>>> print(open('upload.txt').read())   # compact mmCIF, C-alpha atoms (C1' of nucleotides) and all ligand atoms
# COMPACT_ATOMS: atom_id res chain seq x y z
CA MET A 12 123.43 100.29 35.28
CA GLN A 13 123.56 100.77 39.03
CA ILE A 14 121.44 103.27 40.94
CA SER A 15 123.39 105.17 43.59
CA LYS A 16 122.55 104.11 47.12
CA GLY A 17 122.12 107.80 47.85
CA VAL A 18 118.76 107.43 46.11
CA GLU A 19 117.63 104.90 48.69
CA TRP A 20 118.69 107.22 51.51
CA ALA A 21 117.03 110.24 49.94
CA VAL A 22 113.75 108.40 49.50
CA HIS A 23 113.80 107.24 53.11
CA ALA A 24 114.59 110.73 54.37
CA ALA A 25 111.86 112.30 52.25
CA SER A 26 109.38 109.68 53.41
CA MET A 27 110.17 110.55 56.99
CA MET A 28 109.39 114.19 56.31
CA VAL A 29 105.89 113.29 55.15
CA ALA A 30 105.01 112.61 58.80
CA LEU A 31 106.22 116.03 59.96
CA PRO A 32 103.69 118.48 61.48
CA GLU A 33 103.09 121.65 59.47
CA GLY A 34 105.92 124.17 59.73
CA ARG A 35 108.38 121.82 61.42
CA GLY A 36 111.60 120.30 60.11
CA LEU A 37 114.33 117.75 60.76
CA LYS A 38 118.06 118.43 60.70
CA ALA A 39 120.38 116.37 58.52
CA ALA A 40 122.16 114.81 61.49
CA ALA A 41 118.90 113.47 62.90
CA LEU A 42 117.89 111.88 59.60
CA ALA A 43 121.33 110.32 59.22
CA HIS A 44 121.38 108.96 62.75
CA TYR A 45 117.88 107.56 62.42
CA HIS A 46 118.87 105.54 59.35
CA GLY A 47 122.31 104.61 60.62
CA VAL A 48 124.26 106.19 57.75
CA PRO A 49 127.17 108.70 57.66
CA THR A 50 125.92 112.17 58.56
CA ALA A 51 127.93 114.14 56.01
CA TYR A 52 126.95 111.93 53.11
CA MET A 53 123.26 112.01 54.00
CA ALA A 54 123.61 115.80 54.10
CA LYS A 55 124.94 115.69 50.56
CA GLN A 56 121.81 113.95 49.32
CA LEU A 57 119.56 116.42 51.14
CA GLN A 58 121.52 119.21 49.49
CA ALA A 59 120.68 117.72 46.09
CA LEU A 60 117.00 117.47 47.01
CA SER A 61 117.10 121.10 48.10
CA LYS A 62 118.60 122.26 44.79
CA ALA A 63 115.91 120.32 42.94
CA GLY A 64 113.19 122.13 44.87
CA ILE A 65 111.90 118.99 46.56
CA VAL A 66 112.75 120.03 50.11
CA GLN A 67 113.16 123.43 51.74
CA SER A 68 116.06 124.15 54.07
CA SER A 69 116.40 126.53 57.00
CA ARG A 70 119.88 127.40 58.20
CA GLY A 71 121.15 128.48 61.57
CA ALA A 72 119.98 127.48 65.01
CA HIS A 73 116.84 125.31 64.99
CA GLY A 74 117.18 124.90 61.24
CA GLY A 75 116.45 121.78 59.25
CA TYR A 76 114.70 120.31 56.24
CA ARG A 77 111.04 119.98 55.33
CA LEU A 78 109.13 119.10 52.15
CA ALA A 79 108.80 122.02 49.75
CA LYS A 80 105.47 120.86 48.30
CA PRO A 81 102.66 118.40 49.01
CA ALA A 82 103.66 114.74 49.21
CA THR A 83 101.22 113.97 46.41
CA ASP A 84 103.32 116.15 44.09
CA ILE A 85 106.63 114.36 44.74
CA SER A 86 107.23 111.17 42.78
CA LEU A 87 110.00 108.63 43.18
CA TRP A 88 111.30 109.73 39.80
CA ASP A 89 111.65 113.32 41.04
CA ILE A 90 113.91 112.10 43.84
CA THR A 91 115.85 109.71 41.62
CA ALA A 92 116.48 112.41 39.03
CA ALA A 93 117.54 114.88 41.71
CA ILE A 94 120.26 112.51 42.94
CA GLU A 95 121.30 110.74 39.73
CA GLY A 96 120.78 113.54 37.25
CA HIS A 97 118.31 113.86 34.38
CA GLY A 98 120.63 112.58 31.65
CA PRO A 99 119.85 109.38 29.75
CA ALA A 100 121.37 106.11 30.97
CA PHE A 101 122.27 105.00 27.44
CA ARG A 102 124.90 107.42 26.21
CA CYS A 103 125.35 107.26 22.44
CA THR A 104 128.90 108.03 21.34
CA GLU A 105 127.98 108.15 17.63
CA ILE A 106 130.42 105.44 16.66
CA ARG A 107 128.53 105.05 13.41
CA GLN A 108 130.51 108.10 12.31
CA ASN A 109 133.78 106.24 12.89
CA GLY A 110 135.75 103.67 10.93
CA PRO A 111 136.09 102.86 7.23
CA CYS A 112 132.33 103.06 6.52
CA GLY A 113 131.62 106.00 8.82
CA LEU A 114 128.61 108.13 8.05
CA LYS A 115 128.83 111.88 7.54
CA ARG A 116 127.45 114.03 10.34
CA LYS A 117 124.62 115.25 8.09
CA ASP A 118 123.35 111.67 7.68
CA CYS A 119 122.98 111.33 11.45
CA ARG A 120 120.19 113.82 11.96
CA SER A 121 117.81 111.19 13.31
CA PRO A 122 118.75 108.73 16.08
CA CYS A 123 119.17 105.14 14.96
CA GLN A 124 116.92 102.25 15.98
CA ILE A 125 119.28 101.20 18.75
CA ALA A 126 119.25 104.57 20.48
CA ALA A 127 115.48 104.83 19.96
CA ALA A 128 114.87 101.45 21.60
CA PHE A 129 116.88 102.35 24.68
CA SER A 130 115.23 105.74 24.87
CA SER A 131 111.84 104.06 24.82
CA ALA A 132 112.85 101.61 27.56
CA GLU A 133 114.04 104.45 29.75
CA ARG A 134 110.78 106.26 29.23
CA ALA A 135 108.91 103.19 30.48
CA PHE A 136 111.17 103.17 33.55
CA ARG A 137 110.55 106.84 34.27
CA ASP A 138 106.80 106.62 33.80
CA SER A 139 106.63 103.73 36.22
CA LEU A 140 108.46 105.70 38.93
CA LYS A 141 106.45 108.85 38.21
CA ALA A 142 103.27 106.95 39.09
CA VAL A 143 104.38 106.47 42.71
CA THR A 144 104.36 109.49 45.05
CA LEU A 145 105.62 110.01 48.57
CA ALA A 146 102.01 110.08 49.70
CA ASP A 147 101.56 106.54 48.37
CA ILE A 148 104.71 105.37 50.14
CA GLY A 149 103.66 106.94 53.42
CA LEU A 150 100.13 105.57 53.31
CA GLN A 151 101.23 102.03 52.53
CA PHE A 152 103.88 102.21 55.20
CA VAL A 153 101.34 103.12 57.87
CA ARG A 154 99.06 100.31 56.69
CA ASP A 155 101.74 97.63 56.65
CA SER A 156 103.60 98.48 59.86
CA GLU A 157 102.96 97.17 63.36
CA PRO A 158 101.23 99.78 65.58
CA GLU A 159 104.06 99.31 68.05
CA HIS A 160 106.63 100.32 65.43
CA LEU A 161 104.64 103.38 64.39
CA SER A 162 104.46 104.41 68.03
CA ASP A 163 108.25 104.16 68.33
CA ILE A 164 108.65 106.40 65.30
CA MET A 165 106.21 109.01 66.59
CA HIS A 166 108.05 109.04 69.89
CA TRP A 167 111.39 109.58 68.16
CA LEU A 168 109.93 112.25 65.90
CA GLU A 169 108.60 114.24 68.85
CA SER A 170 111.97 114.15 70.56
CA GLU A 171 113.71 115.48 67.45
CA VAL A 172 111.16 117.78 65.89
CA MET A 173 110.10 119.71 68.97
CA PRO A 174 112.55 122.56 69.06
CA LEU A 175 112.03 123.95 65.56
CA SER A 176 111.45 127.40 64.21
CA ASP A 177 108.40 127.85 61.97
CA THR A 178 109.72 130.69 59.85
CA PRO A 179 110.47 129.57 56.30
CA MET B 22 122.27 105.07 36.59
CA GLN B 23 124.62 104.96 33.62
CA ILE B 24 124.76 102.14 31.07
CA SER B 25 128.29 101.12 30.15
CA LYS B 26 129.33 102.21 26.68
CA GLY B 27 130.45 98.63 26.18
CA VAL B 28 126.75 97.88 25.67
CA GLU B 29 126.60 100.23 22.70
CA TRP B 30 129.65 98.57 21.18
CA ALA B 31 128.33 95.07 21.80
CA VAL B 32 125.00 95.86 20.15
CA HIS B 33 126.74 97.33 17.11
CA ALA B 34 129.04 94.32 16.83
CA ALA B 35 126.17 91.87 17.16
CA SER B 36 124.13 93.79 14.60
CA MET B 37 127.01 93.52 12.17
CA MET B 38 127.06 89.74 12.59
CA VAL B 39 123.43 89.53 11.50
CA ALA B 40 124.58 90.25 7.97
CA LEU B 41 127.14 87.43 7.95
CA PRO B 42 126.71 84.53 5.53
CA GLU B 43 126.02 81.15 7.12
CA GLY B 44 129.07 79.57 8.70
CA ARG B 45 131.25 82.67 8.47
CA GLY B 46 132.60 84.89 11.23
CA LEU B 47 134.38 88.15 12.00
CA LYS B 48 137.44 88.54 14.20
CA ALA B 49 137.46 90.96 17.11
CA ALA B 50 140.07 93.23 15.54
CA ALA B 51 137.93 93.72 12.42
CA LEU B 52 134.84 94.65 14.44
CA ALA B 53 136.87 97.05 16.57
CA HIS B 54 138.52 98.72 13.57
CA TYR B 55 135.21 99.05 11.76
CA HIS B 56 133.69 100.96 14.67
CA GLY B 57 136.83 102.93 15.49
CA VAL B 58 137.20 101.67 19.06
CA PRO B 59 140.12 100.09 20.96
CA THR B 60 140.61 96.51 19.81
CA ALA B 61 141.31 94.97 23.20
CA TYR B 62 138.31 96.56 24.85
CA MET B 63 135.94 95.52 22.09
CA ALA B 64 137.35 92.01 22.54
CA LYS B 65 136.39 92.18 26.19
CA GLN B 66 132.76 92.83 25.31
CA LEU B 67 132.72 90.01 22.77
CA GLN B 68 134.10 87.76 25.46
CA ALA B 69 131.13 88.61 27.66
CA LEU B 70 128.72 87.90 24.82
CA SER B 71 130.42 84.56 24.29
CA LYS B 72 130.06 83.57 27.94
CA ALA B 73 126.38 84.49 27.80
CA GLY B 74 125.86 82.18 24.85
CA ILE B 75 124.90 84.97 22.45
CA VAL B 76 127.85 84.54 20.10
CA GLN B 77 130.05 81.59 19.27
CA SER B 78 133.82 81.92 19.04
CA SER B 79 136.40 80.02 17.02
CA ARG B 80 140.04 80.28 18.03
CA GLY B 81 143.19 79.92 16.03
CA ALA B 82 143.90 80.87 12.45
CA HIS B 83 140.85 82.05 10.53
CA GLY B 84 138.91 82.18 13.79
CA GLY B 85 136.35 84.77 14.79
CA TYR B 86 132.88 85.39 16.15
CA ARG B 87 129.41 84.59 14.82
CA LEU B 88 125.91 84.60 16.29
CA ALA B 89 125.14 81.49 18.34
CA LYS B 90 121.42 81.54 17.56
CA PRO B 91 118.90 83.16 15.19
CA ALA B 92 118.78 86.95 15.28
CA THR B 93 115.07 86.76 16.15
CA ASP B 94 116.02 85.06 19.44
CA ILE B 95 118.47 87.75 20.60
CA SER B 96 116.95 90.79 22.27
CA LEU B 97 118.60 94.03 23.28
CA TRP B 98 118.03 93.03 26.89
CA ASP B 99 120.01 89.81 26.37
CA ILE B 100 122.99 91.86 25.22
CA THR B 101 122.60 94.49 27.93
CA ALA B 102 122.39 91.85 30.66
CA ALA B 103 125.41 90.02 29.25
CA ILE B 104 127.54 93.17 29.58
CA GLU B 105 126.05 94.87 32.65
CA GLY B 106 125.03 91.81 34.63
CA HIS B 107 121.60 90.57 35.63
CA GLY B 108 121.51 92.18 39.09
CA PRO B 109 118.92 94.85 39.93
CA ALA B 110 119.87 98.52 39.49
CA PHE B 111 118.28 99.53 42.78
CA ARG B 112 120.31 97.83 45.50
CA CYS B 113 118.48 97.80 48.82
CA THR B 114 120.86 97.98 51.81
CA GLU B 115 118.11 97.28 54.34
CA ILE B 116 118.69 100.48 56.26
CA ARG B 117 115.28 100.04 57.87
CA GLN B 118 117.08 97.60 60.15
CA ASN B 119 119.44 100.35 61.34
CA GLY B 120 119.15 103.17 63.82
CA PRO B 121 117.11 103.74 66.99
CA CYS B 122 113.83 102.44 65.49
CA GLY B 123 115.41 99.63 63.48
CA LEU B 124 113.19 96.68 62.60
CA LYS B 125 114.13 93.11 63.47
CA ARG B 126 115.21 90.91 60.58
CA LYS B 127 112.07 88.76 60.94
CA ASP B 128 109.86 91.80 60.27
CA CYS B 129 111.61 92.35 56.94
CA ARG B 130 110.43 89.20 55.19
CA SER B 131 108.58 91.16 52.49
CA PRO B 132 110.17 94.00 50.51
CA CYS B 133 108.89 97.45 51.34
CA GLN B 134 106.90 99.68 48.98
CA ILE B 135 110.01 101.57 47.91
CA ALA B 136 111.88 98.48 46.79
CA ALA B 137 108.73 97.13 45.13
CA ALA B 138 108.23 100.34 43.13
CA PHE B 139 111.78 100.31 41.80
CA SER B 140 111.55 96.61 41.04
CA SER B 141 108.41 97.27 39.01
CA ALA B 142 110.06 100.13 37.11
CA GLU B 143 113.02 97.96 36.22
CA ARG B 144 110.69 95.24 34.99
CA ALA B 145 109.09 97.78 32.64
CA PHE B 146 112.56 98.70 31.38
CA ARG B 147 113.52 95.07 30.78
CA ASP B 148 110.28 94.20 29.03
CA SER B 149 110.71 97.14 26.69
CA LEU B 150 114.19 96.02 25.67
CA LYS B 151 113.12 92.38 25.39
CA ALA B 152 110.61 93.39 22.73
CA VAL B 153 113.37 94.48 20.32
CA THR B 154 115.49 91.81 18.64
CA LEU B 155 118.60 91.98 16.50
CA ALA B 156 116.43 90.99 13.55
CA ASP B 157 114.34 94.14 14.09
CA ILE B 158 117.46 96.30 14.28
CA GLY B 159 118.92 94.79 11.12
CA LEU B 160 115.72 95.11 9.12
CA GLN B 161 115.14 98.74 10.08
CA PHE B 162 118.78 99.54 9.38
CA VAL B 163 118.54 98.21 5.84
CA ARG B 164 115.31 100.17 5.30
CA ASP B 165 116.62 103.48 6.61
CA SER B 166 120.11 103.49 5.07
CA GLU B 167 121.21 104.87 1.76
CA PRO B 168 121.82 102.11 -0.83
CA GLU B 169 125.28 103.57 -1.33
CA HIS B 170 126.11 103.08 2.35
CA LEU B 171 124.83 99.50 2.36
CA SER B 172 127.01 98.82 -0.65
CA ASP B 173 130.05 100.14 1.21
CA ILE B 174 129.32 97.83 4.12
CA MET B 175 128.88 94.78 1.89
CA HIS B 176 132.17 95.57 0.23
CA TRP B 177 133.94 95.81 3.56
CA LEU B 178 132.29 92.65 4.82
CA GLU B 179 133.46 90.65 1.82
CA SER B 180 137.01 91.83 2.30
CA GLU B 181 137.01 90.77 5.95
CA VAL B 182 134.80 87.71 5.99
CA MET B 183 136.25 85.87 2.98
CA PRO B 184 139.04 83.87 4.53
CA LEU B 185 137.05 82.08 7.23
CA SER B 186 136.81 78.50 8.32
CA ASP B 187 133.33 76.98 8.49
CA THR B 188 134.02 74.43 11.19
CA PRO B 189 132.38 75.39 14.47
C1' DG C 22 155.49 68.96 14.49
C1' DT C 23 155.83 73.72 13.73
C1' DT C 24 154.15 78.18 13.25
C1' DA C 25 151.00 81.76 12.58
C1' DT C 26 146.85 83.40 14.37
C1' DT C 27 143.10 84.29 17.50
C1' DC C 28 140.55 84.17 21.76
C1' DG C 29 140.76 84.26 26.93
C1' DG C 30 141.57 86.00 31.24
C1' DA C 31 144.88 88.65 34.13
C1' DC C 32 146.78 93.27 34.65
C1' DA C 33 147.12 98.87 34.73
C1' DT C 34 144.81 103.29 34.24
C1' DT C 35 141.23 106.55 34.39
C1' DT C 36 136.75 108.02 35.91
C1' DA C 37 132.82 108.13 38.96
C1' DA C 38 130.76 107.06 43.35
C1' DT C 39 131.43 107.30 48.26
C1' DA C 40 132.72 109.54 52.39
C1' DT C 41 134.62 113.57 54.94
C1' DC C 42 135.87 118.18 56.25
C1' DC C 43 135.68 123.20 57.09
C1' DG C 44 133.80 127.81 55.91
C1' DA C 45 129.36 130.73 54.97
C1' DA C 46 124.91 131.91 56.46
C1' DT C 47 121.31 132.29 59.66
C1' DT C 48 119.00 132.60 64.09
C1' DA C 49 118.52 132.68 69.25
C1' DG C 50 119.60 135.03 73.00
C1' DG C 51 121.66 138.58 75.76
C1' DC D 2 122.97 145.73 68.14
C1' DC D 3 126.33 142.33 68.96
C1' DT D 4 127.87 137.75 70.06
C1' DA D 5 127.84 132.92 70.08
C1' DA D 6 125.79 128.71 68.92
C1' DT D 7 124.06 126.09 65.29
C1' DT D 8 123.12 124.38 60.72
C1' DC D 9 123.45 124.18 55.78
C1' DG D 10 126.56 124.54 51.62
C1' DG D 11 130.19 123.62 48.65
C1' DA D 12 135.06 122.15 48.33
C1' DT D 13 138.02 118.37 49.40
C1' DA D 14 139.98 113.18 50.15
C1' DT D 15 139.19 108.31 49.69
C1' DT D 16 137.46 104.20 47.74
C1' DA D 17 135.12 101.34 44.17
C1' DA D 18 134.02 100.70 39.42
C1' DA D 19 134.39 101.38 34.69
C1' DT D 20 137.66 101.82 31.04
C1' DG D 21 141.67 100.52 28.59
C1' DT D 22 145.90 97.41 27.89
C1' DC D 23 148.75 93.43 27.88
C1' DC D 24 150.57 88.66 27.39
C1' DG D 25 149.76 83.61 27.74
C1' DA D 26 146.63 79.45 26.29
C1' DA D 27 144.36 77.23 22.63
C1' DT D 28 143.31 76.18 18.04
C1' DA D 29 143.86 75.45 13.08
C1' DA D 30 146.51 75.67 8.86
C1' DC D 31 150.55 74.06 6.72
S1 LIG E 1 124.09 103.98 15.34
FE1 LIG E 1 122.71 104.43 17.11
S2 LIG E 1 123.70 103.50 18.93
FE2 LIG E 1 125.25 103.55 17.25
S3 LIG E 1 126.38 105.44 17.60
FE3 LIG E 1 124.72 105.98 16.17
S4 LIG E 1 122.93 106.64 17.43
FE4 LIG E 1 124.44 105.61 18.82
S1 LIG E 2 112.62 99.95 53.71
FE1 LIG E 2 112.66 99.30 51.53
S2 LIG E 2 114.19 100.61 50.49
FE2 LIG E 2 114.46 100.86 52.73
S3 LIG E 2 116.08 99.42 53.26
FE3 LIG E 2 114.13 98.30 53.57
S4 LIG E 2 113.63 97.26 51.58
FE4 LIG E 2 115.29 98.82 51.20
>>> encode(input="upload.txt", output="structure tokens")
Amino acid sequence: MQISKGVEWAVHAASMMVALPEGRGLKAAALAHYHGVPTAYMAKQLQALSKAGIVQSSRGAHGGYRLAKPATDISLWDITAAIEGHGPAFRCTEIRQNGPCGLKRKDCRSPCQIAAAFSSAERAFRDSLKAVTLADIGLQFVRDSEPEHLSDIMHWLESEVMPLSDTP
Amino acid sequence: MQISKGVEWAVHAASMMVALPEGRGLKAAALAHYHGVPTAYMAKQLQALSKAGIVQSSRGAHGGYRLAKPATDISLWDITAAIEGHGPAFRCTEIRQNGPCGLKRKDCRSPCQIAAAFSSAERAFRDSLKAVTLADIGLQFVRDSEPEHLSDIMHWLESEVMPLSDTP
DNA sequence: GTTATTCGGACATTTAATATCCGAATTAGG
DNA sequence: CCTAATTCGGATATTAAATGTCCGAATAAC
């Protein structure tokens, strides 16, 4: 019942990419250094986002990552699922088929009330995260931050994002 | 983002206790054997339920477990929290304080939008599980099961529950 | 008081999360 | 066109957590 901390890192990295100019990217090392986390492990999360089609990667010199689609089309659930997997949190092991009063497999066609209740709770969790997009996060962040802090970030971005190829 | 399978076992065990006659109990070994799971590990889950005040335990000869309060007052969330802990699934490591543009601690008094979104999603999850009680599970189980199967269970219960002390 | 029985917490083992490394692929530049 | 620099990608260690096991403390029957 713990969410991997890689999810937190991935969300932060993706949020940073929202502010990127069109056709530019950020390399994994820069994102890791900015957030003060191990480079190789941050790269692993970006890899997962890439496989899920959330970010686009360019290899070789002047390569890096950028968002693969508009920020309004990327929800927090998309990122969470990309890192943690799409499988359900409550894993039923069908122990009702065990023991002295075990049911036959044919009597287990429909999930029991217990499994249904957890499934419903997880759906509520997912729907809540699906309602929040990276665009929302970015907008609120700009609103709530000190102008001075935003200026620092823009400055850092320019120093890292400048030398980038625009070919996809 | 995985729920321990101990939760599944604990819910099954607690559901079984709903059917117990007043003042009777079931020992850990019986519950474990009935569900076809390791005895000692099932005992561990029951221990957690006991500490959380969900079940009451009696030691010594003819000891065992019984529900500590009415089935209508025990929700699936109560059981889940007893096994998995009450802490949040999304653990914020405050990485916004790291790196070249790190914020000062005093600027982090309020949680950011990311943490707030996950907190809200978890609340939705909890509320959904809180709405389902052991009484609901028991009632639906009786409705959906074959009479033959219920008869088997009653038979087994009588053979296990008979020799029990009624002193708390 | 003795003994049989059961829960309780302390102790191994296995699995998953965390962190790291080096090769494959691509591009810039000559 | 070829080379070298650079970056991503998957395979590989390490650490933490979940899973599974054991024996002592406590209780009740006799
Ligand atoms: S009865 Fe429900 S929770 Fe139990 S094993 Fe079957 S589907 Fe899973
Ligand atoms: S910005 Fe939000 S998610 Fe990131 S470290 Fe701070 S509270 Fe956590």
>>> residues_near_ligand(input="upload.txt", ligand="ligand LIG 2 (chain E)", cutoff="8 Å", atoms="all atoms listed in the file", output="PyMOL selection string")
(chain A and resi 19-20+22-23) or (chain B and resi 112-118+129+131-137)
>>> closest_atom_pairs(input="upload.txt", of="chain B", to="chain D", cutoff="6 Å", atoms="all atoms listed in the file", output="tab-separated table")
residue	atom	partner	partner_atom	distance
B:Arg80	CA	D:DT28	C1'	5.2
B:Gly81	CA	D:DT28	C1'	4.2
B:Ala82	CA	D:DA29	C1'	5.5
>>> interface_residues(input="upload.txt", of="chain C", to="chain B", cutoff="8 Å", atoms="all atoms listed in the file", output="list of chain:residue names")
C:DA25, C:DT26, C:DT27, C:DC28, C:DG29
>>> write_last_selection(input="upload.txt", atoms="C-alpha atoms (C1' of nucleotides)", output="short mmCIF file (atom, residue, chain, number, x, y, z; two decimals), in the coordinates of the input")
data_model
loop_
_atom_site.label_atom_id
_atom_site.label_comp_id
_atom_site.auth_asym_id
_atom_site.auth_seq_id
_atom_site.Cartn_x
_atom_site.Cartn_y
_atom_site.Cartn_z
"C1'" DA C 25 151.00 81.76 12.58
"C1'" DT C 26 146.85 83.40 14.37
"C1'" DT C 27 143.10 84.29 17.50
"C1'" DC C 28 140.55 84.17 21.76
"C1'" DG C 29 140.76 84.26 26.93
#
>>> interface_residues(input="upload.txt", of="chain B", to="chain A", cutoff="7 Å", atoms="only C-alpha atoms", output="PyMOL selection string")
chain B and resi 22-24+26+54-57+105+110-112+116-117+119-122+134-135+138-139+142-143+145-146+149-150+158+173-174
>>> atom_distance(input="upload.txt", atom1="CA of Gly27 (chain B)", atom2="CA of Glu179 (chain B)")
25.8 Å
>>> closest_residue(input="upload.txt", among="A:Val66, A:Val172, A:Thr144, A:Lys115", to="ligand LIG 1 (chain E)", atoms="all atoms listed in the file")
A:Lys115
>>> atom_distance(input="upload.txt", atom1="CA of Glu171 (chain A)", atom2="C1' of DC43 (chain C)")
25.5 Å
>>> atom_distance(input="upload.txt", atom1="CA of Ala51 (chain B)", atom2="CA of Met38 (chain B)")
11.6 Å
>>> closest_residue(input="upload.txt", among="A:Leu168, A:Ala82, A:Glu159, A:Arg120", to="ligand LIG 1 (chain E)", atoms="only C-alpha atoms and all ligand atoms")
A:Arg120
>>> axis_aligned_box(input="upload.txt", around="ligand LIG 1 (chain E)", padding_each_side="4 Å", output="lines of an AutoDock Vina configuration file")
center_x = 124.5
center_y = 105.1
center_z = 17.1
size_x = 11.7
size_y = 11.1
size_z = 11.6
>>> decode(input="upload.txt", residues="region 33-49 of chain C", atoms="N, CA, C and O atoms (P, O5', C5', C4', C3', O3' and C1' of nucleotides)", output="short mmCIF file (atom, residue, chain, number, x, y, z; two decimals), in the first residue's frame")
data_model
loop_
_atom_site.label_atom_id
_atom_site.label_comp_id
_atom_site.auth_asym_id
_atom_site.auth_seq_id
_atom_site.Cartn_x
_atom_site.Cartn_y
_atom_site.Cartn_z
P DA C 33 17.62 -15.58 13.57
"O5'" DA C 33 16.78 -16.29 12.43
"C5'" DA C 33 17.38 -16.52 11.17
"C4'" DA C 33 16.43 -17.30 10.29
"C3'" DA C 33 16.82 -17.31 8.81
"O3'" DA C 33 16.56 -18.58 8.24
"C1'" DA C 33 14.69 -16.28 9.08
P DT C 34 17.34 -18.93 6.88
"O5'" DT C 34 16.30 -18.54 5.74
"C5'" DT C 34 15.02 -19.19 5.72
"C4'" DT C 34 14.09 -18.45 4.78
"C3'" DT C 34 14.64 -18.24 3.35
"O3'" DT C 34 13.79 -18.93 2.46
"C1'" DT C 34 13.57 -16.29 4.20
P DT C 35 14.36 -19.14 0.92
"O5'" DT C 35 13.44 -18.12 0.11
"C5'" DT C 35 12.02 -18.22 0.24
"C4'" DT C 35 11.37 -16.90 -0.14
"C3'" DT C 35 11.64 -16.45 -1.58
"O3'" DT C 35 10.40 -16.33 -2.24
"C1'" DT C 35 11.92 -14.65 -0.05
P DT C 36 10.43 -16.13 -3.86
"O5'" DT C 36 10.02 -14.60 -4.03
"C5'" DT C 36 8.79 -14.13 -3.48
"C4'" DT C 36 8.82 -12.63 -3.35
"C3'" DT C 36 8.97 -11.87 -4.68
"O3'" DT C 36 7.87 -11.00 -4.82
"C1'" DT C 36 10.39 -10.97 -3.00
P DA C 37 7.61 -10.33 -6.29
"O5'" DA C 37 7.90 -8.78 -6.01
"C5'" DA C 37 7.13 -8.08 -5.02
"C4'" DA C 37 7.87 -6.83 -4.58
"C3'" DA C 37 8.10 -5.80 -5.69
"O3'" DA C 37 7.80 -4.52 -5.18
"C1'" DA C 37 10.14 -6.27 -4.59
P DA C 38 7.51 -3.30 -6.22
"O5'" DA C 38 8.41 -2.10 -5.67
"C5'" DA C 38 8.35 -1.76 -4.31
"C4'" DA C 38 9.70 -1.25 -3.84
"C3'" DA C 38 10.19 0.02 -4.56
"O3'" DA C 38 10.61 0.95 -3.58
"C1'" DA C 38 11.89 -1.62 -4.56
P DT C 39 10.88 2.48 -4.04
"O5'" DT C 39 12.47 2.53 -4.15
"C5'" DT C 39 13.23 2.34 -2.97
"C4'" DT C 39 14.69 2.12 -3.32
"C3'" DT C 39 15.38 3.26 -4.10
"O3'" DT C 39 16.34 3.85 -3.23
"C1'" DT C 39 16.01 1.11 -4.90
P DA C 40 17.04 5.23 -3.70
"O5'" DA C 40 18.32 4.73 -4.49
"C5'" DA C 40 19.30 3.95 -3.81
"C4'" DA C 40 20.27 3.34 -4.81
"C3'" DA C 40 20.97 4.32 -5.76
"O3'" DA C 40 22.35 4.35 -5.47
"C1'" DA C 40 20.30 2.33 -6.88
P DT C 41 23.32 5.33 -6.28
"O5'" DT C 41 23.96 4.37 -7.38
"C5'" DT C 41 24.43 3.09 -6.98
"C4'" DT C 41 24.88 2.27 -8.18
"C3'" DT C 41 25.72 3.01 -9.24
"O3'" DT C 41 27.03 2.48 -9.23
"C1'" DT C 41 24.10 1.57 -10.24
P DC C 42 28.20 3.19 -10.06
"O5'" DC C 42 28.29 2.28 -11.37
"C5'" DC C 42 28.47 0.86 -11.21
"C4'" DC C 42 28.18 0.13 -12.53
"C3'" DC C 42 28.98 0.63 -13.72
"O3'" DC C 42 29.93 -0.35 -14.13
"C1'" DC C 42 26.66 0.26 -14.27
P DC C 43 31.12 0.05 -15.13
"O5'" DC C 43 30.57 -0.45 -16.55
"C5'" DC C 43 30.18 -1.81 -16.69
"C4'" DC C 43 29.38 -2.00 -17.98
"C3'" DC C 43 30.09 -1.55 -19.26
"O3'" DC C 43 29.86 -2.50 -20.29
"C1'" DC C 43 28.01 -0.49 -19.13
P DG C 44 30.75 -2.48 -21.63
"O5'" DG C 44 29.69 -2.63 -22.80
"C5'" DG C 44 28.85 -3.78 -22.87
"C4'" DG C 44 27.55 -3.45 -23.60
"C3'" DG C 44 27.72 -3.12 -25.09
"O3'" DG C 44 26.62 -3.65 -25.82
"C1'" DG C 44 26.70 -1.30 -24.00
P DA C 45 26.61 -3.62 -27.42
"O5'" DA C 45 25.40 -2.64 -27.77
"C5'" DA C 45 24.07 -3.03 -27.42
"C4'" DA C 45 23.07 -1.99 -27.93
"C3'" DA C 45 23.20 -1.67 -29.42
"O3'" DA C 45 21.90 -1.44 -29.97
"C1'" DA C 45 23.61 0.30 -28.14
P DA C 46 21.72 -1.12 -31.52
"O5'" DA C 46 21.41 0.44 -31.51
"C5'" DA C 46 20.36 0.93 -30.67
"C4'" DA C 46 20.30 2.45 -30.73
"C3'" DA C 46 20.35 3.02 -32.15
"O3'" DA C 46 19.35 4.01 -32.28
"C1'" DA C 46 22.04 4.02 -30.80
P DT C 47 18.87 4.49 -33.76
"O5'" DT C 47 19.34 6.01 -33.82
"C5'" DT C 47 18.94 6.88 -32.76
"C4'" DT C 47 19.93 8.01 -32.61
"C3'" DT C 47 20.19 8.81 -33.89
"O3'" DT C 47 19.51 10.04 -33.81
"C1'" DT C 47 22.15 8.52 -32.55
P DT C 48 19.37 10.99 -35.14
"O5'" DT C 48 20.45 12.13 -34.83
"C5'" DT C 48 20.48 12.76 -33.54
"C4'" DT C 48 21.80 13.46 -33.32
"C3'" DT C 48 22.22 14.42 -34.45
"O3'" DT C 48 22.54 15.67 -33.90
"C1'" DT C 48 24.00 12.97 -33.90
P DA C 49 22.54 16.99 -34.79
"O5'" DA C 49 24.01 17.53 -34.51
"C5'" DA C 49 24.47 17.60 -33.16
"C4'" DA C 49 25.97 17.80 -33.10
"C3'" DA C 49 26.51 18.83 -34.10
"O3'" DA C 49 27.45 19.65 -33.43
"C1'" DA C 49 27.54 16.71 -34.49
#
